[in-house]
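Structure record follows, encoded as structure tokens.
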Amino acid sequence: MNTAPTGTLLAQAVATHLEIEPSILYFGTPVVLLSTENQDGSFNLAPISSAWALGQTVVIGLGREGQTAYNLGSRPDLVISLPSPAQWPAVERLAPLTGRNPVPSSKPKGCRFEPDKFAAAGLTSEPSQLVRPPRVAGCPIHLEARAERVRPDVSGDFVIVEAAVCMVHADSRIVVPGTHHIDPAAWSPLIYNFRHYFGLGPELGHSYRTQTPRNVEEPATAGPGRAAR
Ligand SMILES: Cc1cc2nc3c(=O)[nH]c(=O)nc-3n(C[C@H](O)[C@H](O)[C@H](O)COP(=O)(O)O)c2cc1C
């Protein structure tokens, strides 16, 4: 039981926290690579970190003037490829590129038009099954999807995309054998943490709702972090 008087806790909070105004609030979300179809039938590829899953829907935040937002407004097919931490250099090679020509003035200094971003990043494409844009070969997870809703955000600078996933491809090395479960001990997302790249550290524990079966017997002394996945 915590017996510290409320006043003491408040004083500690004042002493340990600063009021700051960071220019960005990218507090660490997975990087995804979005493949979309350009007007001429070629394909664009863009790294995005504002993406999260809600059931079978992936919600994505995109700069309003980027080629990816432009494409999804007219051609809803997309692939969400999830790179591994080791692929961060290829992701960073994509960072200063846009598929939009001419380059919008809202893009950061140094941003340039690139019609073949797969080649520019040293990545290769592989065909999808249900949608037109290709998957990124070498990424452990691919989500084929369709943008069901594309609408402006409250600031007017971004669009919010709700994409319905229609097929999931996972590298067999990250799937618990004989199941449809991704093994969280085998898979690590690439995390974008205040514009720096990280992988995951060791597992700390698991949710009471985990449904992932164990694929190895745990020693009796194992801590809670390895007890289930
Ligand atoms: C790791 C990383 C994460 C990014 N996350 C986002 C994001 O969530 N939303 C966004 O609009 N742009 C994001 N960007 C910037 C876009 O990739 C960049 O604007 C790119 O030019 C978009 O390409 P496009 O104009 O061809 O769509 C991110 C860039 C990097 C390198």
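Naming scheme: A, B, ... for chains in displayed order of the structure tokens; residues 1 onward per chain; ligands 1 onward as shown.
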Distance filter 6 Å around ligand 1, atoms: only C-alpha atoms and all ligand atoms, out as a list in words: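 Protein and nucleic-acid residues within 6 Å of ligand 1: Val31, Ala46, Pro47, Ile48, Ser49, Ser50, Gly61, Leu62, Gly63, Gly66, Gln67, Thr68, Glu92, Ala95, Pro96, Leu97, Thr98, Gly99, Arg100 and Tyr192 of chain A.
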Requested write-out: N, CA and C atoms of the selected residues, as an mmCIF file, in the first residue's frame:
data_model
loop_
_atom_site.group_PDB
_atom_site.id
_atom_site.type_symbol
_atom_site.label_atom_id
_atom_site.label_comp_id
_atom_site.auth_asym_id
_atom_site.auth_seq_id
_atom_site.Cartn_x
_atom_site.Cartn_y
_atom_site.Cartn_z
ATOM 1 N N VAL A 31 6.847 1.307 -38.065
ATOM 2 C CA VAL A 31 6.947 1.816 -39.435
ATOM 3 C C VAL A 31 6.255 0.821 -40.368
ATOM 4 N N ALA A 46 5.792 4.423 -49.799
ATOM 5 C CA ALA A 46 6.095 5.483 -48.821
ATOM 6 C C ALA A 46 6.158 4.911 -47.411
ATOM 7 N N PRO A 47 7.170 5.334 -46.635
ATOM 8 C CA PRO A 47 7.221 4.933 -45.226
ATOM 9 C C PRO A 47 6.289 5.812 -44.381
ATOM 10 N N ILE A 48 5.562 5.162 -43.494
ATOM 11 C CA ILE A 48 4.555 5.837 -42.668
ATOM 12 C C ILE A 48 4.639 5.253 -41.260
ATOM 13 N N SER A 49 4.544 6.109 -40.248
ATOM 14 C CA SER A 49 4.539 5.580 -38.881
ATOM 15 C C SER A 49 3.213 5.841 -38.160
ATOM 16 N N SER A 50 2.349 6.646 -38.777
ATOM 17 C CA SER A 50 1.050 6.902 -38.152
ATOM 18 C C SER A 50 0.056 5.863 -38.649
ATOM 19 N N GLY A 61 -2.566 7.849 -40.922
ATOM 20 C CA GLY A 61 -2.542 9.313 -41.055
ATOM 21 C C GLY A 61 -1.526 9.713 -42.109
ATOM 22 N N LEU A 62 -1.968 10.490 -43.092
ATOM 23 C CA LEU A 62 -1.103 10.859 -44.227
ATOM 24 C C LEU A 62 -1.100 12.355 -44.456
ATOM 25 N N GLY A 63 0.073 12.897 -44.816
ATOM 26 C CA GLY A 63 0.141 14.278 -45.268
ATOM 27 C C GLY A 63 -0.783 14.455 -46.472
ATOM 28 N N GLY A 66 0.809 14.538 -50.099
ATOM 29 C CA GLY A 66 1.705 13.472 -50.562
ATOM 30 C C GLY A 66 1.046 12.646 -51.666
ATOM 31 N N GLN A 67 1.875 11.913 -52.395
ATOM 32 C CA GLN A 67 1.357 11.085 -53.488
ATOM 33 C C GLN A 67 0.495 9.945 -52.952
ATOM 34 N N THR A 68 0.844 9.452 -51.765
ATOM 35 C CA THR A 68 0.076 8.327 -51.202
ATOM 36 C C THR A 68 -1.370 8.745 -50.914
ATOM 37 N N GLU A 92 14.973 4.512 -44.511
ATOM 38 C CA GLU A 92 15.522 5.867 -44.469
ATOM 39 C C GLU A 92 15.900 6.354 -45.873
ATOM 40 N N ALA A 95 12.996 8.124 -47.172
ATOM 41 C CA ALA A 95 12.512 9.273 -46.397
ATOM 42 C C ALA A 95 12.482 10.583 -47.186
ATOM 43 N N PRO A 96 13.507 10.919 -48.003
ATOM 44 C CA PRO A 96 13.474 12.217 -48.683
ATOM 45 C C PRO A 96 12.788 12.179 -50.051
ATOM 46 N N LEU A 97 12.047 11.116 -50.353
ATOM 47 C CA LEU A 97 11.482 10.952 -51.702
ATOM 48 C C LEU A 97 9.970 11.107 -51.694
ATOM 49 N N THR A 98 9.451 11.659 -52.783
ATOM 50 C CA THR A 98 8.004 11.689 -52.984
ATOM 51 C C THR A 98 7.693 11.212 -54.394
ATOM 52 N N GLY A 99 6.545 10.616 -54.536
ATOM 53 C CA GLY A 99 6.067 10.234 -55.864
ATOM 54 C C GLY A 99 5.289 11.358 -56.519
ATOM 55 N N ARG A 100 5.201 12.493 -55.871
ATOM 56 C CA ARG A 100 4.413 13.629 -56.379
ATOM 57 C C ARG A 100 5.297 14.545 -57.211
ATOM 58 N N TYR A 192 9.514 3.735 -34.877
ATOM 59 C CA TYR A 192 9.956 5.110 -35.149
ATOM 60 C C TYR A 192 9.738 5.913 -33.876
#
Shell of 12 Å around A:Thr179, only C-alpha atoms, local chain residues under 5 positions omitted, as a PyMOL selection string: chain A and resi 170+172+174+211-215
Output C-alpha atoms for every residue in the selection just made, as a PDB file, in the first residue's frame.
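Now in selection03.pdb:
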ATOM      1  CA  ALA A 170       3.347 -13.667 -42.866  1.00  0.00           C
ATOM      2  CA  SER A 172       6.641 -18.695 -41.935  1.00  0.00           C
ATOM      3  CA  ILE A 174       7.320 -15.653 -37.433  1.00  0.00           C
ATOM      4  CA  GLN A 211      -4.351 -16.424 -27.515  1.00  0.00           C
ATOM      5  CA  THR A 212      -0.948 -17.334 -28.873  1.00  0.00           C
ATOM      6  CA  PRO A 213      -0.106 -20.918 -28.029  1.00  0.00           C
ATOM      7  CA  ARG A 214       3.265 -21.723 -26.544  1.00  0.00           C
ATOM      8  CA  ASN A 215       5.509 -23.534 -28.981  1.00  0.00           C
TER       9      ASN A 215
END
Top pick for closest residue to A:His169, considering A:Thr124, A:Thr36, A:Thr210, A:Ser81 and counting only C-alpha atoms: A:Ser81
In stretch 13-169 of chain A, DSSP strand (DSSP E or B) residues written as a VMD selection string: chain A and resid 27 to 30 32 to 37 43 to 48 51 to 54 57 to 63 77 to 82 97 to 98 112 to 113 125 to 126 135 to 136 141 to 152 158 to 169
All residues 12 Å or closer to A:Leu54, only C-alpha atoms, same chain fewer than 4 positions away omitted, as a list in words: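 My list of contacting residues is Val58, Val59, Ile60, Glu162, Ala163, Ala164 and Val165 of chain A.
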Using N, CA and C atoms, can you export the residues from the last selection as a PDB file, in the first residue's frame?
ATOM      1  N   VAL A  58      -7.064  -0.938 -40.601  1.00  0.00           N
ATOM      2  CA  VAL A  58      -5.856  -0.188 -40.233  1.00  0.00           C
ATOM      3  C   VAL A  58      -6.132   1.285 -40.494  1.00  0.00           C
ATOM      4  N   VAL A  59      -5.929   2.102 -39.469  1.00  0.00           N
ATOM      5  CA  VAL A  59      -6.140   3.541 -39.566  1.00  0.00           C
ATOM      6  C   VAL A  59      -4.790   4.200 -39.822  1.00  0.00           C
ATOM      7  N   ILE A  60      -4.742   5.054 -40.838  1.00  0.00           N
ATOM      8  CA  ILE A  60      -3.462   5.609 -41.289  1.00  0.00           C
ATOM      9  C   ILE A  60      -3.590   7.133 -41.392  1.00  0.00           C
ATOM     10  N   GLU A 162      -9.078   4.894 -43.469  1.00  0.00           N
ATOM     11  CA  GLU A 162      -9.476   3.646 -42.816  1.00  0.00           C
ATOM     12  C   GLU A 162      -9.424   2.551 -43.874  1.00  0.00           C
ATOM     13  N   ALA A 163      -8.492   1.621 -43.693  1.00  0.00           N
ATOM     14  CA  ALA A 163      -8.241   0.592 -44.704  1.00  0.00           C
ATOM     15  C   ALA A 163      -8.663  -0.777 -44.178  1.00  0.00           C
ATOM     16  N   ALA A 164      -9.523  -1.455 -44.942  1.00  0.00           N
ATOM     17  CA  ALA A 164      -9.986  -2.792 -44.551  1.00  0.00           C
ATOM     18  C   ALA A 164      -9.002  -3.834 -45.094  1.00  0.00           C
ATOM     19  N   VAL A 165      -8.445  -4.616 -44.200  1.00  0.00           N
ATOM     20  CA  VAL A 165      -7.463  -5.639 -44.599  1.00  0.00           C
ATOM     21  C   VAL A 165      -8.216  -6.831 -45.191  1.00  0.00           C
TER      22      VAL A 165
END
Selected residue of minimal separation from A:Trp52 among A:Glu37, A:Arg209, A:Val91, A:Ile80, counting only C-alpha atoms: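 So, comparing all the options, the nearest one is A:Ile80.
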Who sits within 7 Å of A:Val150, only C-alpha atoms, same chain under 2 positions skipped, as a ChimeraX atom specification: /A:73,147-148,159-162
Suppose we keep C-alpha atoms; can you now write the selection as an mmCIF file, in the first residue's frame?
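Produced file part_32.cif, reproduced below:
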data_model
loop_
_atom_site.group_PDB
_atom_site.id
_atom_site.type_symbol
_atom_site.label_atom_id
_atom_site.label_comp_id
_atom_site.auth_asym_id
_atom_site.auth_seq_id
_atom_site.Cartn_x
_atom_site.Cartn_y
_atom_site.Cartn_z
ATOM 1 C CA GLY A 73 -8.322 9.314 -52.833
ATOM 2 C CA ALA A 147 -9.131 2.232 -48.302
ATOM 3 C CA GLU A 148 -12.823 2.323 -47.375
ATOM 4 C CA VAL A 159 -6.036 12.828 -44.244
ATOM 5 C CA ILE A 160 -7.190 9.894 -42.149
ATOM 6 C CA VAL A 161 -7.511 6.632 -44.059
ATOM 7 C CA GLU A 162 -9.476 3.646 -42.816
#
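For the atom pair formed by atom CA of A:Pro83 and atom CA of A:Arg112, the distance is 22.9 Å, given to one decimal.
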Residues flagged helix (DSSP H, G or I) by DSSP in stretch 19-184 of chain A, as a list in words: Gln67, Thr68, Ala69, Tyr70, Asn71, Leu72, Gly73, Ser74, Pro85, Ala86, Gln87, Trp88, Pro89, Ala90, Val91, Glu92, Arg93, Leu94, Lys117, Phe118, Ala119, Ala120, Ala121, Ser172, Arg173 and Ile174 of chain A
Of the listed residues A:Leu78, A:Leu204, A:Cys111, A:Val175, that which approaches A:Leu143 most closely, counting only C-alpha atoms: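 Ranked by minimum distance to A:Leu143, first place goes to A:Leu78.
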Separation of atom CA of A:Val176 from atom CA of A:Leu200, in Å and rounded to one decimal: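 Atom CA of A:Leu200 lies 18.8 Å from atom CA of A:Val176.
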